[in-house]
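Structure data follow from query_9.txt (compact mmCIF, C-alpha atoms):
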```txt
# COMPACT_ATOMS: atom_id res chain seq x y z
CA MET A 7 72.70 54.50 62.21
CA GLY A 8 71.75 56.99 64.90
CA GLU A 9 72.47 60.68 65.11
CA THR A 10 75.60 61.81 66.87
CA THR A 11 76.52 64.94 68.74
CA PRO A 12 79.39 66.61 66.86
CA PRO A 13 82.58 67.54 68.66
CA ASN A 14 82.88 71.05 70.15
CA ASP A 15 84.61 73.77 68.18
CA ASP A 16 87.69 73.29 70.35
CA GLY A 17 88.02 69.72 69.12
CA THR A 18 86.69 68.05 72.27
CA ASP A 19 84.98 64.79 71.35
CA LEU A 20 81.90 63.17 72.84
CA GLY A 21 83.84 60.65 74.91
CA ASP A 22 85.91 63.39 76.52
CA LEU A 23 82.84 65.50 77.24
CA LEU A 24 81.10 62.54 78.85
CA ARG A 25 84.12 61.90 81.07
CA ARG A 26 84.14 65.57 82.10
CA LEU A 27 80.44 65.49 82.94
CA ARG A 28 80.85 62.26 84.85
CA ARG A 29 83.74 63.67 86.88
CA ARG A 30 81.77 66.80 87.74
CA ALA A 31 78.85 64.64 88.85
CA ASP A 32 81.24 62.33 90.76
CA LEU A 33 79.84 59.20 89.13
CA SER A 34 81.58 56.01 88.09
CA GLN A 35 80.76 54.42 84.76
CA ARG A 36 78.53 51.87 86.51
CA GLU A 37 76.69 54.56 88.48
CA LEU A 38 76.10 56.68 85.37
CA ALA A 39 74.93 53.66 83.39
CA ALA A 40 72.49 52.73 86.17
CA ARG A 41 71.07 56.26 86.25
CA ALA A 42 70.69 56.39 82.47
CA GLY A 43 69.38 52.86 82.12
CA VAL A 44 72.03 51.77 79.63
CA PRO A 45 74.64 49.00 79.87
CA GLN A 46 77.97 49.96 81.44
CA PRO A 47 79.95 48.62 78.44
CA THR A 48 78.13 51.19 76.29
CA VAL A 49 79.49 54.00 78.47
CA ALA A 50 82.97 52.52 78.25
CA ARG A 51 82.82 52.26 74.45
CA ILE A 52 81.64 55.87 74.03
CA GLU A 53 84.31 57.25 76.35
CA SER A 54 87.07 55.27 74.71
CA GLY A 55 85.98 56.30 71.21
CA ARG A 56 85.20 52.73 70.14
CA ALA A 57 81.51 53.59 69.62
CA ALA A 58 81.97 55.57 66.42
CA ASP A 59 78.27 56.25 65.87
CA PRO A 60 76.27 55.96 69.12
CA ARG A 61 72.51 56.41 69.07
CA TYR A 62 71.40 59.97 69.83
CA ARG A 63 68.85 58.75 72.39
CA THR A 64 71.54 56.82 74.25
CA VAL A 65 73.84 59.82 74.34
CA GLU A 66 71.00 62.08 75.52
CA ARG A 67 70.13 59.75 78.40
CA LEU A 68 73.75 59.58 79.50
CA VAL A 69 74.25 63.33 79.30
CA ARG A 70 71.06 64.07 81.23
CA ALA A 71 71.97 61.48 83.88
CA ALA A 72 75.32 63.25 84.30
CA GLY A 73 73.69 66.67 84.77
CA GLY A 74 74.00 68.04 81.22
CA ARG A 75 71.61 68.75 78.38
CA MET A 76 71.66 68.32 74.61
CA ARG A 77 71.57 71.23 72.21
CA ALA A 78 73.99 72.01 69.43
CA GLU A 79 76.54 70.77 71.94
CA VAL A 80 76.57 69.20 75.37
CA GLU A 81 76.29 71.82 78.12
CA PRO A 82 75.20 72.06 81.79
CA SER A 83 71.48 72.07 82.52
CA ALA A 84 69.85 75.46 83.02
CA GLY A 85 69.05 76.16 86.65
CA ASP A 86 71.34 73.39 87.83
CA ALA A 87 73.90 74.36 90.47
CA ALA A 88 76.52 72.62 88.36
CA ALA A 89 75.76 75.02 85.49
CA GLU A 90 77.82 77.64 87.30
CA HIS A 91 80.86 75.42 86.96
CA PRO A 92 81.56 74.52 83.32
CA THR A 93 83.10 71.17 82.62
CA THR A 94 86.88 71.12 82.82
CA PRO A 95 89.26 68.51 81.44
CA VAL A 96 89.88 65.44 83.54
CA PRO A 97 93.28 66.28 85.09
CA HIS A 98 94.68 62.76 84.81
CA ASP A 99 93.35 61.84 81.35
CA ASP A 100 96.87 61.49 79.95
CA MET A 101 97.84 58.91 82.60
CA ARG A 102 97.55 55.17 82.01
CA ASP A 103 97.75 52.17 84.31
CA GLN A 104 100.13 49.26 83.80
CA ALA A 105 97.69 47.72 81.31
CA GLY A 106 97.52 50.92 79.26
CA ARG A 107 94.01 51.86 80.43
CA ARG A 108 92.85 55.28 81.55
CA TYR A 109 92.03 55.77 85.21
CA PRO A 110 88.41 56.40 86.30
CA ALA A 111 87.44 59.96 85.41
CA HIS A 112 85.46 60.64 88.60
CA LEU A 113 88.36 59.82 90.94
CA ASP A 114 91.37 61.92 91.95
CA VAL A 115 94.48 60.17 90.66
CA TRP A 116 98.06 61.09 91.55
CA GLU A 117 101.45 59.69 90.62
CA VAL A 118 103.37 57.51 93.06
CA HIS A 119 107.00 58.54 93.44
CA GLU A 120 107.71 57.07 96.89
CA PRO A 121 105.89 54.80 99.37
CA ARG A 122 104.17 57.61 101.27
CA ASP A 123 102.36 58.60 98.03
CA TRP A 124 100.56 55.26 97.99
CA PRO A 125 97.79 54.47 100.53
CA GLY A 126 98.49 50.77 99.92
CA ALA A 127 102.00 51.12 101.36
CA TRP A 128 100.90 50.47 104.93
CA TRP A 129 104.55 50.03 105.86
CA ALA A 130 105.66 53.46 104.58
CA GLU A 131 105.03 55.29 107.86
CA TRP A 132 107.02 52.88 110.00
CA TYR A 133 109.89 51.64 107.88
CA SER A 134 112.55 53.25 105.72
CA LEU A 135 113.21 50.39 103.39
CA PRO A 136 115.29 50.37 100.21
CA PRO A 137 113.26 49.55 97.08
CA ARG A 138 114.64 46.00 96.90
CA LEU A 139 112.95 45.25 100.26
CA TYR A 140 109.55 46.79 99.52
CA PRO A 141 106.82 44.24 100.47
CA SER A 142 104.89 45.24 97.31
CA PRO A 143 106.00 47.01 94.13
CA LEU A 144 104.81 50.62 93.85
CA PRO A 145 102.19 51.32 91.17
CA PRO A 146 102.70 54.23 88.73
CA ALA A 147 99.67 56.05 90.17
CA THR A 148 96.98 55.60 92.78
CA TYR A 149 93.61 56.89 94.01
CA ARG A 150 91.14 56.41 96.86
CA LEU A 151 87.71 54.90 96.34
CA ASN A 152 86.28 56.28 99.60
CA ARG A 153 83.83 59.01 98.55
CA ASP A 154 83.96 60.86 101.88
CA TYR A 155 87.75 61.12 101.60
CA ARG A 156 87.44 62.28 97.98
CA ASP A 157 84.86 64.93 98.84
CA GLU A 158 87.01 66.19 101.71
CA ARG A 159 90.08 66.35 99.46
CA ARG A 160 88.23 68.34 96.80
CA GLU A 161 86.74 70.66 99.40
CA ARG A 162 90.22 71.39 100.77
CA GLU A 163 91.67 72.04 97.32
CA GLU A 164 88.79 74.37 96.45
CA ALA A 165 89.38 76.23 99.73
CA ARG A 166 93.08 76.58 98.91
CA ARG A 167 92.22 78.16 95.53
CA SER A 168 89.43 80.47 96.70
CA VAL A 169 90.45 81.65 100.19
CA THR A 170 91.11 85.36 100.67
CA VAL A 171 93.06 87.06 103.46
CA ARG A 172 92.09 90.51 104.71
CA ARG A 173 92.93 92.79 107.60
CA VAL A 174 90.21 93.58 110.12
CA THR A 175 90.14 97.19 111.29
CA GLY A 176 87.74 99.28 113.34
CA PRO A 177 87.09 100.44 116.89
CA THR A 178 87.50 96.93 118.30
CA VAL A 179 91.11 96.64 117.02
CA PRO A 180 93.65 99.08 118.55
CA ALA A 181 95.92 101.04 116.24
CA THR A 182 98.91 99.13 117.64
CA ALA A 183 97.38 95.74 116.90
CA TRP A 184 96.77 93.66 113.81
CA ARG A 185 94.09 91.11 113.05
CA PHE A 186 94.00 89.18 109.77
CA VAL A 187 91.35 86.64 108.80
CA ALA A 188 91.20 83.98 106.08
CA GLU A 189 87.74 83.61 104.56
CA LEU A 190 86.01 81.49 101.94
CA PRO A 191 83.88 83.21 99.25
CA GLY A 192 80.71 82.63 101.29
CA GLY A 193 82.20 84.48 104.26
CA GLU A 194 83.10 81.41 106.35
CA LEU A 195 86.01 82.20 108.68
CA ILE A 196 88.63 79.45 108.48
CA GLY A 197 91.74 81.17 109.83
CA GLU A 198 92.85 84.07 111.99
CA LEU A 199 96.07 85.81 113.03
CA ARG A 200 96.52 88.36 115.80
CA ALA A 201 99.56 90.46 116.71
CA HIS A 202 100.33 93.59 118.71
CA GLU A 203 103.13 96.16 118.90
CA GLU A 204 105.54 96.48 121.83
CA SER A 205 108.46 98.73 122.68
CA PRO A 206 111.56 96.55 123.05
CA TYR A 207 113.23 99.43 124.94
CA LEU A 208 110.54 99.44 127.63
CA ARG A 209 110.37 95.65 127.76
CA TRP A 210 114.06 94.74 127.81
CA GLY A 211 115.79 98.02 128.67
CA ASP A 212 118.91 97.23 126.64
CA CYS A 213 117.95 98.38 123.16
CA GLU A 214 120.38 100.59 121.30
CA ARG A 215 117.53 102.53 119.71
CA PRO A 216 114.61 103.40 122.03
CA GLU A 217 112.47 104.24 118.99
CA GLU A 218 112.79 100.70 117.62
CA ARG A 219 109.46 98.94 117.06
CA GLU A 220 108.69 95.30 117.65
CA ALA A 221 105.57 93.24 116.96
CA VAL A 222 104.51 90.22 118.98
CA LEU A 223 102.70 87.41 117.19
CA ASP A 224 99.89 86.46 119.57
CA GLY A 225 98.60 83.47 117.65
CA VAL A 226 97.68 81.83 114.36
CA LEU A 227 94.63 79.58 114.20
CA VAL A 228 93.30 77.59 111.24
CA LEU A 229 90.17 75.45 111.22
CA ALA A 230 91.24 71.82 111.70
CA ARG A 231 89.93 70.47 108.39
CA TYR A 232 91.82 73.16 106.43
CA ARG A 233 95.23 72.73 108.02
CA ARG A 234 98.34 71.75 106.05
CA LEU A 235 97.13 73.77 103.06
CA GLY A 236 99.34 76.82 103.56
CA MET A 237 96.61 78.96 105.17
CA GLY A 238 98.70 79.76 108.25
CA ARG A 239 101.71 80.67 106.12
CA ARG A 240 99.59 83.05 104.04
CA LEU A 241 98.38 84.79 107.20
CA VAL A 242 101.93 85.18 108.51
CA GLU A 243 103.24 86.43 105.15
CA THR A 244 100.43 88.99 104.97
CA LEU A 245 101.37 90.28 108.44
CA LEU A 246 105.06 90.53 107.55
CA GLU A 247 104.25 92.45 104.36
CA ALA A 248 102.07 94.87 106.35
CA LEU A 249 104.74 95.43 109.00
CA GLY A 250 107.65 96.03 106.64
CA PRO A 251 111.02 96.20 108.46
CA VAL A 252 109.53 95.79 111.95
CA ARG A 253 110.97 92.89 113.94
CA VAL A 254 108.45 90.19 114.86
CA ARG A 255 108.83 87.79 117.76
CA ALA A 256 106.72 84.87 118.90
CA LEU A 257 106.63 82.42 121.79
CA THR A 258 105.31 78.97 120.97
CA GLU A 259 105.48 75.25 121.61
CA GLN A 260 105.40 72.27 119.28
CA PRO A 261 103.99 72.02 116.66
CA GLY A 262 104.07 75.81 116.43
CA ILE A 263 107.87 75.80 116.50
CA SER A 264 108.05 73.80 113.27
CA PHE A 265 105.43 76.02 111.67
CA LEU A 266 107.28 79.25 112.53
CA HIS A 267 110.58 77.76 111.37
CA ALA A 268 108.91 77.07 108.01
CA CYS A 269 107.79 80.72 107.90
CA GLY A 270 111.38 81.93 108.41
CA PHE A 271 111.45 82.52 112.17
CA GLY A 272 114.60 81.66 114.12
CA VAL A 273 115.36 80.98 117.79
CA GLU A 274 116.43 84.03 119.79
CA ALA A 275 118.54 82.50 122.55
CA GLY A 276 119.45 85.78 124.27
CA ARG A 277 115.96 86.40 125.62
CA PRO A 278 114.02 84.69 128.41
CA ALA A 279 112.00 81.56 127.74
CA ALA A 280 108.44 80.82 128.81
CA MET A 281 107.41 80.69 132.48
CA ARG A 282 104.15 79.55 134.02
CA PHE A 283 102.33 80.47 137.26
CA GLU A 284 99.82 77.97 138.62
CA GLY A 285 97.79 77.97 141.81
CA ALA A 286 95.95 80.55 143.84
CA VAL A 287 97.34 83.84 145.18
CA SER A 288 96.94 84.01 148.97
CA GLY A 289 97.85 87.17 150.90
CA GLY A 290 99.26 88.89 147.85
CA LEU A 291 102.32 88.13 145.78
CA PRO A 292 105.73 87.74 147.49
CA ARG A 293 107.57 91.02 148.12
CA ARG A 294 110.29 90.12 145.64
CA TRP A 295 107.68 90.41 142.88
```

Full structure transcribed into structure tokens:
Amino acid sequence: MGETTPPNDDGTDLGDLLRRLRRRADLSQRELAARAGVPQPTVARIESGRAADPRYRTVERLVRAAGGRMRAEVEPSAGDAAAEHPTTPVPHDDMRDQAGRRYPAHLDVWEVHEPRDWPGAWWAEWYSLPPRLYPSPLPPATYRLNRDYRDERREREEARRSVTVRRVTGPTVPATAWRFVAELPGGELIGELRAHEESPYLRWGDCERPEEREAVLDGVLVLARYRRLGMGRRLVETLLEALGPVRVRALTEQPGISFLHACGFGVEAGRPAAMRFEGAVSGGLPRRW
């Protein structure tokens, strides 16, 4: 009988710890087994708790292959970049497939409530079918095997959690203008909002209160790979909080219209719409201008 690594003080057992390490390393059971030089069924037995007394050497090889080290308990290797990120529980460990098995720990698994939640529902984007006409029954949960897609999804979720929004001030930004940026912890700029103040009395001439202030939203930009994460909404909300009761207007086209509607903007029908001038000016503008 070999030595075993005892559970952590919080009650976490060896199988759970191995699944956490494997998820952090983004390795399937087969990939971890190949790295450690042990059979894949051995990994499966340890993770499922069916290997009640695994050999210490086997456990050590698996832990090291997953980026951990063995001491009184399993922990990240010193000097390893992963050591800065302690193992966290596998988010879908309480989910089971139709055969009662757990889903792979290294994948991102989500529940399927409707066809668009399932990548296998190729017909979901084109047809609105009642359940009785679905070409295939929907599974309880799904995941993607493509590693590039998985890495991109995790990168986006990490950006959503860690992004910060701040106002840029200084001599390059006038006192009647606002610039907000969304940045990742390393300083990477992934979003920006710009706005400036106008006098509605001078612009329209029909304001009841000449002292009324109005801000014009010049634009909101978010890096393409971080869109649809709420970054643009956070920038707009930060501007609105900074402005207080000041009215804000914006002129946009699709898909900006849908975005501004989602942020609470409405259509102001009593004011002019967009106009465009194209071509070269020859001999000056017409006198009526």

| Distance query segment 69-71 of chain A at most 8 Å, only C-alpha atoms, self and fewer than 5 positions along chain excluded, as a PyMOL selection string | chain A and resi 24+27+38+41-42+76+80

Requested write-out: C-alpha atoms of the selected residues, as a tab-separated table (two decimals), keeping the file's coordinate frame:
```
chain	number	residue	atom	x	y	z
A	24	LEU	CA	81.10	62.54	78.85
A	27	LEU	CA	80.44	65.49	82.94
A	38	LEU	CA	76.10	56.68	85.37
A	41	ARG	CA	71.07	56.26	86.25
A	42	ALA	CA	70.69	56.39	82.47
A	76	MET	CA	71.66	68.32	74.61
A	80	VAL	CA	76.57	69.20	75.37
```

So that I can check the surroundings of Gly21 of chain A, please list as an mmCIF file with C-alpha atoms, in the coordinates of the input every protein, DNA and RNA residue that reaches within 7 Å of it, counting only C-alpha atoms and ignoring chain neighbours fewer than 3 positions away.
```
data_model
loop_
_atom_site.group_PDB
_atom_site.id
_atom_site.type_symbol
_atom_site.label_atom_id
_atom_site.label_comp_id
_atom_site.auth_asym_id
_atom_site.auth_seq_id
_atom_site.Cartn_x
_atom_site.Cartn_y
_atom_site.Cartn_z
ATOM 1 C CA LEU A 24 81.100 62.540 78.850
ATOM 2 C CA ARG A 25 84.120 61.900 81.070
ATOM 3 C CA ILE A 52 81.640 55.870 74.030
ATOM 4 C CA GLU A 53 84.310 57.250 76.350
ATOM 5 C CA SER A 54 87.070 55.270 74.710
ATOM 6 C CA GLY A 55 85.980 56.300 71.210
#
```

Next on the checklist: Which residues are close to Met101 of chain A, i.e. within 12 Å by only C-alpha atoms, leaving aside same-chain residues fewer than 4 positions away? Reply as a list of chain:residue names.
Outcome noted: A:Val96, A:Pro97, A:Ala105, A:Gly106, A:Arg107, A:Arg108, A:Tyr109, A:Pro110, A:Ala111, A:Asp114, A:Val115, A:Trp116, A:Glu117, A:Val118, A:Pro146, A:Ala147, A:Thr148

Computed interatomic separation between atom CA of Arg156 of chain A and atom CA of Arg231 of chain A (Å)
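Distance between the two atoms: 13.5 Å.
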
With only C-alpha atoms as the basis for distance, which of A:Glu66, A:Asp123, A:Glu131, A:Glu243 is at the shortest distance from Leu144 of chain A?
->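 Looking at the shortest contact to Leu144 of chain A, the residue is A:Asp123.
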
Using only C-alpha atoms, the shortest atom-to-atom distance to Pro180 of chain A among A:His98, A:Arg29, A:His202, A:Arg253 belongs to A:His202

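Nearest-residue note for Glu163 of chain A: choosing from A:His112, A:Arg138, A:Arg234, A:Arg185, the minimum distance belongs to A:Arg234, counting only C-alpha atoms.
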
Exercise for review: Please provide as an NGL selection string all residues within 12 Å of Leu190 of chain A, with the sequence filter that same-chain residues fewer than 3 positions apart are discarded (counting all atoms listed in the file).
Suggested key: :A and (161-172 or 187 or 193-197 or 229 or 232 or 237)

As a check of understanding: the span from atom CA of Leu241 of chain A to atom CA of Phe265 of chain A is 12.1 Å

**Item:** Nearest-residue call for Glu259 of chain A, choices A:Gln35, A:Gln46, A:Gly225, A:Arg219, using only C-alpha atoms
**Value:**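 Of A:Gln35, A:Gln46, A:Gly225, A:Arg219, the one nearest Glu259 of chain A is A:Gly225, counting only C-alpha atoms.
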
Here atom CA of Trp129 of chain A and atom CA of Arg150 of chain A stand apart by 17.4 Å

Considering all atoms listed in the file, return as a list in words whatever protein or nucleic-acid residues lie within 12 Å of Arg56 of chain A, sequence-local ones (same chain, fewer than 6 positions apart) excluded. Leu20, Gly21, Pro47, Thr48, Val49 and Ala50 of chain A

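Minimum atom-to-atom distance to His267 of chain A, evaluated using only C-alpha atoms, belongs to A:Val242 out of A:Ala57, A:Val179, A:Val242, A:Leu235.
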